[in-house]
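Reproduced below: final_1.tsv, with TSV, C-alpha atoms.
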chain	number	residue	atom	x	y	z
A	670	MET	CA	60.77	2.80	5.62
A	671	ILE	CA	58.37	0.25	4.24
A	672	LYS	CA	59.68	-1.98	1.48
A	673	PRO	CA	57.32	-2.93	-1.35
A	674	ILE	CA	56.13	-6.48	-1.27
A	675	LYS	CA	57.48	-8.54	-4.15
A	676	THR	CA	54.84	-10.77	-5.65
A	677	PRO	CA	55.29	-13.29	-8.48
A	678	LEU	CA	53.70	-10.73	-10.83
A	679	THR	CA	56.43	-8.13	-10.17
A	680	PHE	CA	59.16	-10.73	-10.85
A	681	LYS	CA	57.65	-11.37	-14.30
A	682	GLN	CA	57.67	-7.63	-15.12
A	683	SER	CA	61.41	-7.07	-14.61
A	684	GLY	CA	63.18	-6.14	-17.87
A	685	LEU	CA	59.95	-5.47	-19.76
A	686	ALA	CA	60.80	-1.79	-20.25
A	687	ALA	CA	64.10	-2.72	-21.92
A	688	VAL	CA	62.32	-5.08	-24.32
A	689	GLU	CA	59.72	-2.42	-25.19
A	690	MET	CA	62.48	0.10	-25.84
A	691	LEU	CA	64.34	-2.42	-28.00
A	692	ILE	CA	61.22	-2.78	-30.16
A	693	THR	CA	60.17	0.87	-30.40
A	694	VAL	CA	63.50	2.69	-30.89
A	695	PRO	CA	64.26	1.27	-34.38
A	696	ILE	CA	60.73	2.11	-35.51
A	697	LEU	CA	61.05	5.67	-34.22
A	698	VAL	CA	64.46	6.07	-35.88
A	699	VAL	CA	63.05	4.91	-39.24
A	700	ILE	CA	60.15	7.37	-38.93
A	701	LEU	CA	62.57	10.18	-38.05
A	702	LEU	CA	64.80	9.37	-41.05
A	703	ALA	CA	61.77	9.28	-43.37
A	704	ILE	CA	60.64	12.70	-42.16
A	705	THR	CA	64.16	14.07	-42.66
A	706	GLU	CA	64.43	12.66	-46.19
A	707	PHE	CA	61.03	14.03	-47.15
A	708	GLY	CA	62.04	17.44	-45.78
A	709	ASN	CA	65.31	17.43	-47.74
A	710	ALA	CA	63.51	16.45	-50.96
A	711	PHE	CA	60.92	19.19	-50.39
A	712	ILE	CA	63.63	21.81	-49.83
A	713	GLN	CA	65.41	20.77	-53.04
A	714	TYR	CA	62.13	20.81	-55.00
A	715	ASN	CA	61.35	24.29	-53.67
A	716	THR	CA	64.84	25.48	-54.63
A	717	LEU	CA	64.40	24.07	-58.16
A	718	ASN	CA	61.09	25.90	-58.50
A	719	LYS	CA	62.68	29.19	-57.41
A	720	MET	CA	65.56	28.64	-59.85
A	721	ALA	CA	63.11	28.10	-62.74
A	722	GLN	CA	60.99	31.10	-61.72
A	723	ASN	CA	64.03	33.39	-61.52
A	724	GLY	CA	65.24	32.19	-64.91
A	725	VAL	CA	61.94	32.68	-66.70
A	726	ARG	CA	61.51	36.08	-65.05
A	727	HIS	CA	64.96	37.07	-66.29
A	728	ALA	CA	64.23	35.80	-69.81
A	729	THR	CA	61.01	37.75	-70.12
A	730	ALA	CA	62.28	40.90	-68.39
A	731	GLU	CA	65.24	41.11	-70.75
A	732	ILE	CA	62.98	41.37	-73.82
A	733	LEU	CA	60.91	44.30	-72.61
A	734	GLY	CA	61.64	47.33	-74.75
A	735	THR	CA	63.85	45.45	-77.22
A	736	GLY	CA	61.13	44.67	-79.76
A	737	SER	CA	61.87	40.92	-79.62
A	738	THR	CA	59.28	38.63	-78.12
A	739	VAL	CA	61.24	35.41	-78.59
A	740	PRO	CA	64.15	35.25	-76.13
A	741	CYS	CA	65.07	31.72	-77.27
A	742	ASN	CA	66.33	33.14	-80.59
A	743	ASN	CA	68.87	35.39	-78.86
A	744	ALA	CA	71.98	33.41	-77.82
A	745	THR	CA	73.04	36.04	-75.29
A	746	THR	CA	69.66	36.00	-73.57
A	747	VAL	CA	69.68	32.19	-73.44
A	748	ALA	CA	73.21	32.09	-71.99
A	749	ASP	CA	72.41	34.79	-69.44
A	750	THR	CA	69.17	33.03	-68.50
A	751	MET	CA	71.01	29.73	-67.99
A	752	SER	CA	73.51	31.53	-65.76
A	753	VAL	CA	70.66	33.05	-63.74
A	754	VAL	CA	69.09	29.62	-63.32
A	755	LEU	CA	72.31	27.86	-62.32
A	756	TYR	CA	74.22	30.59	-60.47
A	757	GLY	CA	71.60	33.17	-59.53
A	758	ARG	CA	73.27	35.90	-61.61
A	759	THR	CA	74.19	36.57	-65.23
A	760	VAL	CA	77.96	36.41	-64.69
A	761	SER	CA	78.98	32.84	-63.89
A	762	ALA	CA	82.66	33.58	-63.26
A	763	ASN	CA	83.64	32.82	-59.65
A	764	ALA	CA	80.00	31.99	-58.83
A	765	ASN	CA	78.72	29.05	-56.82
A	766	LEU	CA	75.87	26.89	-58.02
A	767	VAL	CA	72.53	27.68	-56.41
A	768	MET	CA	72.03	23.95	-55.85
A	769	ASP	CA	74.76	21.33	-56.05
A	770	GLY	CA	74.25	18.67	-58.68
A	771	VAL	CA	72.20	20.77	-61.11
A	772	THR	CA	74.00	21.25	-64.42
A	773	ALA	CA	73.19	23.00	-67.69
A	774	GLU	CA	72.08	19.65	-69.13
A	775	ASP	CA	69.30	19.52	-66.53
A	776	VAL	CA	67.85	22.87	-67.66
A	777	THR	CA	65.76	23.32	-70.80
A	778	MET	CA	64.40	26.60	-72.13
A	779	SER	CA	61.68	26.66	-74.76
A	780	CYS	CA	59.58	29.34	-76.42
A	781	THR	CA	56.13	28.50	-77.70
A	782	GLY	CA	54.12	31.37	-79.08
A	783	LYS	CA	54.36	34.19	-76.55
A	784	TYR	CA	55.30	31.91	-73.65
A	785	VAL	CA	58.73	31.08	-72.28
A	786	THR	CA	59.10	27.83	-70.33
A	787	ILE	CA	62.05	26.76	-68.23
A	788	THR	CA	62.11	23.18	-66.99
A	789	ILE	CA	64.65	21.65	-64.63
A	790	ASN	CA	65.01	17.86	-64.37
A	791	HIS	CA	67.04	16.81	-61.35
A	792	GLN	CA	67.54	13.48	-59.60
A	793	TYR	CA	67.22	13.63	-55.82
A	794	THR	CA	69.46	11.05	-54.18
A	795	PRO	CA	68.40	10.29	-50.60
A	796	VAL	CA	70.94	9.56	-47.89
A	797	ILE	CA	69.94	5.90	-47.89
A	798	GLY	CA	71.07	5.74	-51.53
A	799	SER	CA	74.69	6.07	-50.44
A	800	PHE	CA	74.48	2.80	-48.49
A	801	SER	CA	73.38	0.61	-51.40
A	802	SER	CA	75.09	0.38	-54.76
A	803	GLU	CA	72.69	-2.12	-56.34
A	804	THR	CA	69.35	-0.40	-55.77
A	805	SER	CA	68.63	3.10	-56.99
A	806	PHE	CA	66.58	5.21	-54.61
A	807	ASN	CA	66.77	8.31	-56.83
A	808	VAL	CA	63.60	10.36	-57.13
A	809	PRO	CA	63.10	12.60	-60.17
A	810	LEU	CA	62.31	16.20	-59.28
A	811	ILE	CA	60.90	18.21	-62.17
A	812	ALA	CA	60.31	21.93	-61.72
A	813	SER	CA	58.89	24.17	-64.42
A	814	ALA	CA	57.96	27.83	-64.77
A	815	VAL	CA	56.06	29.54	-67.58
A	816	MET	CA	55.72	33.27	-68.27
A	817	ARG	CA	54.21	35.29	-71.09
A	818	THR	CA	56.55	37.52	-73.05
A	819	GLY	CA	54.33	40.27	-74.40
A	820	ALA	CA	50.88	41.47	-75.26

For the structure just supplied, provide its representation as C-alpha cells.
Amino acid sequence: MIKPIKTPLTFKQSGLAAVEMLITVPILVVILLAITEFGNAFIQYNTLNKMAQNGVRHATAEILGTGSTVPCNNATTVADTMSVVLYGRTVSANANLVMDGVTAEDVTMSCTGKYVTITINHQYTPVIGSFSSETSFNVPLIASAVMRTGA
C-alpha cells in the first residue's frame, strides 16, 4: 500500500475542518431557530384568523331569520360569539381554549351599519423571550374578520 506523501502544505491544513465547523454551526443554528420562530408565529396568526372568521360567521348566521340585523345588541349572541371565538363552540363549560393565551379581553366585537367585525389582539412571545427578562421580544398579532349581516 502506498502512503500519501506529506508535504508542508498538508501539515498546515490539519484541523481546518474543525475550525470551519466551529464557525458555521452557530450560524446554522441561529438560522434554524429563526425559521422555527417564524413558523410558530405564522401558525398562531393563522389560528387567530380562523378564530375570528368562525366568530363572525357565527354572529351573522345567528341573526338570519330573527329579524335583527345587529347582533351586538343581543347579549346572548355576543356571549355565544365570544365562546365560539375562544372555545370553538357556544358552550364554554369543560371546553379548552382554541389557542392558549387568548382571553376575552383580547377579543372585540363591533357592529357598524350592516357589518360585524371581530378583532383579536394577541401578543406572540417567541421562545427567545423566555431567556431575557429585560428585553421584550413580543410581537403583536392582530387578526380581524368582517361579514355583512343582511341585505

Just checking: using all atoms listed in the file, which residue out of A:Leu697, A:Ala814, A:Ile692, A:Ala762 ends up closest to Thr786 in chain A? A:Ala814

Sorted per-residue table, range 679-749 of chain A near range 777-783 of chain A, closest atoms and distance, 10 Å, all atoms listed in the file, as a Markdown table:
| residue | atom | partner | partner_atom | distance |
| --- | --- | --- | --- | --- |
| A:Ala721 | CA | A:Met778 | CA | 9.6 |
| A:Gly724 | CA | A:Met778 | CA | 9.2 |
| A:Val725 | CA | A:Met778 | CA | 8.5 |
| A:Ala728 | CA | A:Met778 | CA | 9.5 |
| A:Thr729 | CA | A:Lys783 | CA | 9.9 |
| A:Thr738 | CA | A:Lys783 | CA | 6.8 |
| A:Val739 | CA | A:Cys780 | CA | 6.7 |
| A:Pro740 | CA | A:Cys780 | CA | 7.5 |
| A:Cys741 | CA | A:Cys780 | CA | 6.0 |
| A:Asn742 | CA | A:Cys780 | CA | 8.8 |
| A:Val747 | CA | A:Met778 | CA | 7.8 |

Long-range neighbours of Gln792 in chain A as a ChimeraX atom specification, 7 Å cut-off, all atoms listed in the file, 3 positions minimum in chain: /A:807-810

Expressed in Å to a single decimal, how great is the separation between CA of Glu774 in chain A and CA of His791 in chain A?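 We find that CA of Glu774 in chain A and CA of His791 in chain A lie 9.7 Å from each other.
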
Spatial neighbours of Asp775 in chain A, max dist 10 Å, all atoms listed in the file, sep filter under 6 positions, as a list in words: Leu755, Thr788, Ile789, Asn790, His791, Gln792 and Ile811 of chain A

Need to verify the contact set: Ala730 in chain A, 12 Å, all atoms listed in the file, exclusion of same-chain residues closer than 6 positions in sequence. Can you return it as a PyMOL selection string? chain A and resi 722-724+737-740+746+749-750+785+816-819

Between CA of Phe806 in chain A and CA of Ala703 in chain A, distance in Å (one decimal):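 Calculated distance between CA of Phe806 in chain A and CA of Ala703 in chain A is 12.9 Å.
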
Please compute the CA of Gly770 in chain A-CA of Gln713 in chain A distance, one decimal, in Å. 10.7 Å

Please determine the residues with any atom at most 6 Å from (74.0, 29.2, -59.7) (coordinates as given in the file, with all atoms listed in the file counting) and report them as number ranges by chain. A: 755-757, 765-767

Need the axis-aligned box for range 779-783 of chain A with 4 Å each side, so what are the centre and edges in Å to one decimal, as lines of an AutoDock Vina configuration file?
center_x = 57.9
center_y = 30.4
center_z = -76.9
size_x = 15.6
size_y = 15.5
size_z = 12.3

Nearest to Thr705 in chain A, restricted to all atoms listed in the file and choosing among A:Ala687, A:Thr804, A:Pro795, A:Pro673, comes out as A:Pro795

Emit range 768-791 of chain A of the structure in the block as a file comprising N, CA, C and O atoms, as a PDB file, in the first residue's frame.
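Saved as selection-v8.pdb:
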ATOM      1  N   MET A 768     -56.713  28.521  21.430  1.00  0.00           N
ATOM      2  CA  MET A 768     -55.294  28.885  21.474  1.00  0.00           C
ATOM      3  C   MET A 768     -54.964  29.417  22.864  1.00  0.00           C
ATOM      4  O   MET A 768     -55.641  30.335  23.358  1.00  0.00           O
ATOM      5  N   ASP A 769     -53.962  28.849  23.480  1.00  0.00           N
ATOM      6  CA  ASP A 769     -53.567  29.272  24.822  1.00  0.00           C
ATOM      7  C   ASP A 769     -53.120  30.732  24.803  1.00  0.00           C
ATOM      8  O   ASP A 769     -52.433  31.177  23.887  1.00  0.00           O
ATOM      9  N   GLY A 770     -53.488  31.450  25.842  1.00  0.00           N
ATOM     10  CA  GLY A 770     -53.062  32.833  25.976  1.00  0.00           C
ATOM     11  C   GLY A 770     -54.062  33.849  25.458  1.00  0.00           C
ATOM     12  O   GLY A 770     -53.952  35.032  25.754  1.00  0.00           O
ATOM     13  N   VAL A 771     -55.042  33.435  24.677  1.00  0.00           N
ATOM     14  CA  VAL A 771     -56.056  34.357  24.171  1.00  0.00           C
ATOM     15  C   VAL A 771     -57.208  34.385  25.169  1.00  0.00           C
ATOM     16  O   VAL A 771     -57.758  33.356  25.530  1.00  0.00           O
ATOM     17  N   THR A 772     -57.528  35.585  25.638  1.00  0.00           N
ATOM     18  CA  THR A 772     -58.601  35.750  26.618  1.00  0.00           C
ATOM     19  C   THR A 772     -59.714  36.603  26.017  1.00  0.00           C
ATOM     20  O   THR A 772     -59.585  37.143  24.917  1.00  0.00           O
ATOM     21  N   ALA A 773     -60.800  36.747  26.754  1.00  0.00           N
ATOM     22  CA  ALA A 773     -61.928  37.556  26.288  1.00  0.00           C
ATOM     23  C   ALA A 773     -61.543  39.022  26.135  1.00  0.00           C
ATOM     24  O   ALA A 773     -62.137  39.732  25.323  1.00  0.00           O
ATOM     25  N   GLU A 774     -60.555  39.478  26.893  1.00  0.00           N
ATOM     26  CA  GLU A 774     -60.104  40.865  26.775  1.00  0.00           C
ATOM     27  C   GLU A 774     -59.393  41.119  25.446  1.00  0.00           C
ATOM     28  O   GLU A 774     -59.300  42.265  25.000  1.00  0.00           O
ATOM     29  N   ASP A 775     -58.878  40.074  24.828  1.00  0.00           N
ATOM     30  CA  ASP A 775     -58.194  40.212  23.545  1.00  0.00           C
ATOM     31  C   ASP A 775     -59.161  40.313  22.371  1.00  0.00           C
ATOM     32  O   ASP A 775     -58.770  40.702  21.279  1.00  0.00           O
ATOM     33  N   VAL A 776     -60.419  39.948  22.592  1.00  0.00           N
ATOM     34  CA  VAL A 776     -61.404  39.871  21.506  1.00  0.00           C
ATOM     35  C   VAL A 776     -62.353  41.054  21.596  1.00  0.00           C
ATOM     36  O   VAL A 776     -62.896  41.352  22.662  1.00  0.00           O
ATOM     37  N   THR A 777     -62.552  41.742  20.464  1.00  0.00           N
ATOM     38  CA  THR A 777     -63.537  42.820  20.394  1.00  0.00           C
ATOM     39  C   THR A 777     -64.502  42.529  19.256  1.00  0.00           C
ATOM     40  O   THR A 777     -64.103  42.065  18.192  1.00  0.00           O
ATOM     41  N   MET A 778     -65.767  42.822  19.524  1.00  0.00           N
ATOM     42  CA  MET A 778     -66.819  42.622  18.516  1.00  0.00           C
ATOM     43  C   MET A 778     -67.519  43.952  18.330  1.00  0.00           C
ATOM     44  O   MET A 778     -67.949  44.574  19.305  1.00  0.00           O
ATOM     45  N   SER A 779     -67.627  44.391  17.081  1.00  0.00           N
ATOM     46  CA  SER A 779     -68.279  45.664  16.817  1.00  0.00           C
ATOM     47  C   SER A 779     -69.216  45.521  15.629  1.00  0.00           C
ATOM     48  O   SER A 779     -68.989  44.721  14.724  1.00  0.00           O
ATOM     49  N   CYS A 780     -70.271  46.318  15.658  1.00  0.00           N
ATOM     50  CA  CYS A 780     -71.244  46.342  14.564  1.00  0.00           C
ATOM     51  C   CYS A 780     -71.318  47.765  14.025  1.00  0.00           C
ATOM     52  O   CYS A 780     -71.574  48.704  14.773  1.00  0.00           O
ATOM     53  N   THR A 781     -71.053  47.897  12.744  1.00  0.00           N
ATOM     54  CA  THR A 781     -71.118  49.191  12.086  1.00  0.00           C
ATOM     55  C   THR A 781     -71.989  49.031  10.850  1.00  0.00           C
ATOM     56  O   THR A 781     -71.614  48.324   9.916  1.00  0.00           O
ATOM     57  N   GLY A 782     -73.136  49.686  10.892  1.00  0.00           N
ATOM     58  CA  GLY A 782     -74.066  49.530   9.775  1.00  0.00           C
ATOM     59  C   GLY A 782     -74.531  48.081   9.693  1.00  0.00           C
ATOM     60  O   GLY A 782     -75.026  47.514  10.650  1.00  0.00           O
ATOM     61  N   LYS A 783     -74.349  47.476   8.533  1.00  0.00           N
ATOM     62  CA  LYS A 783     -74.741  46.075   8.350  1.00  0.00           C
ATOM     63  C   LYS A 783     -73.546  45.137   8.403  1.00  0.00           C
ATOM     64  O   LYS A 783     -73.611  44.021   7.906  1.00  0.00           O
ATOM     65  N   TYR A 784     -72.449  45.575   9.019  1.00  0.00           N
ATOM     66  CA  TYR A 784     -71.237  44.765   9.077  1.00  0.00           C
ATOM     67  C   TYR A 784     -70.875  44.433  10.522  1.00  0.00           C
ATOM     68  O   TYR A 784     -70.944  45.274  11.404  1.00  0.00           O
ATOM     69  N   VAL A 785     -70.478  43.207  10.725  1.00  0.00           N
ATOM     70  CA  VAL A 785     -69.999  42.751  12.029  1.00  0.00           C
ATOM     71  C   VAL A 785     -68.497  42.507  11.895  1.00  0.00           C
ATOM     72  O   VAL A 785     -68.046  41.857  10.957  1.00  0.00           O
ATOM     73  N   THR A 786     -67.731  43.050  12.839  1.00  0.00           N
ATOM     74  CA  THR A 786     -66.282  42.902  12.822  1.00  0.00           C
ATOM     75  C   THR A 786     -65.824  42.285  14.132  1.00  0.00           C
ATOM     76  O   THR A 786     -66.226  42.735  15.208  1.00  0.00           O
ATOM     77  N   ILE A 787     -64.998  41.271  14.034  1.00  0.00           N
ATOM     78  CA  ILE A 787     -64.365  40.681  15.211  1.00  0.00           C
ATOM     79  C   ILE A 787     -62.866  40.830  15.043  1.00  0.00           C
ATOM     80  O   ILE A 787     -62.300  40.433  14.017  1.00  0.00           O
ATOM     81  N   THR A 788     -62.240  41.425  16.042  1.00  0.00           N
ATOM     82  CA  THR A 788     -60.800  41.658  16.030  1.00  0.00           C
ATOM     83  C   THR A 788     -60.181  40.990  17.245  1.00  0.00           C
ATOM     84  O   THR A 788     -60.708  41.106  18.354  1.00  0.00           O
ATOM     85  N   ILE A 789     -59.066  40.319  17.021  1.00  0.00           N
ATOM     86  CA  ILE A 789     -58.343  39.664  18.114  1.00  0.00           C
ATOM     87  C   ILE A 789     -56.940  40.253  18.170  1.00  0.00           C
ATOM     88  O   ILE A 789     -56.204  40.214  17.184  1.00  0.00           O
ATOM     89  N   ASN A 790     -56.588  40.821  19.318  1.00  0.00           N
ATOM     90  CA  ASN A 790     -55.237  41.344  19.563  1.00  0.00           C
ATOM     91  C   ASN A 790     -54.531  40.382  20.505  1.00  0.00           C
ATOM     92  O   ASN A 790     -54.971  40.171  21.634  1.00  0.00           O
ATOM     93  N   HIS A 791     -53.433  39.820  20.041  1.00  0.00           N
ATOM     94  CA  HIS A 791     -52.698  38.835  20.841  1.00  0.00           C
ATOM     95  C   HIS A 791     -51.211  39.140  20.741  1.00  0.00           C
ATOM     96  O   HIS A 791     -50.719  39.553  19.693  1.00  0.00           O
TER      97      HIS A 791
END
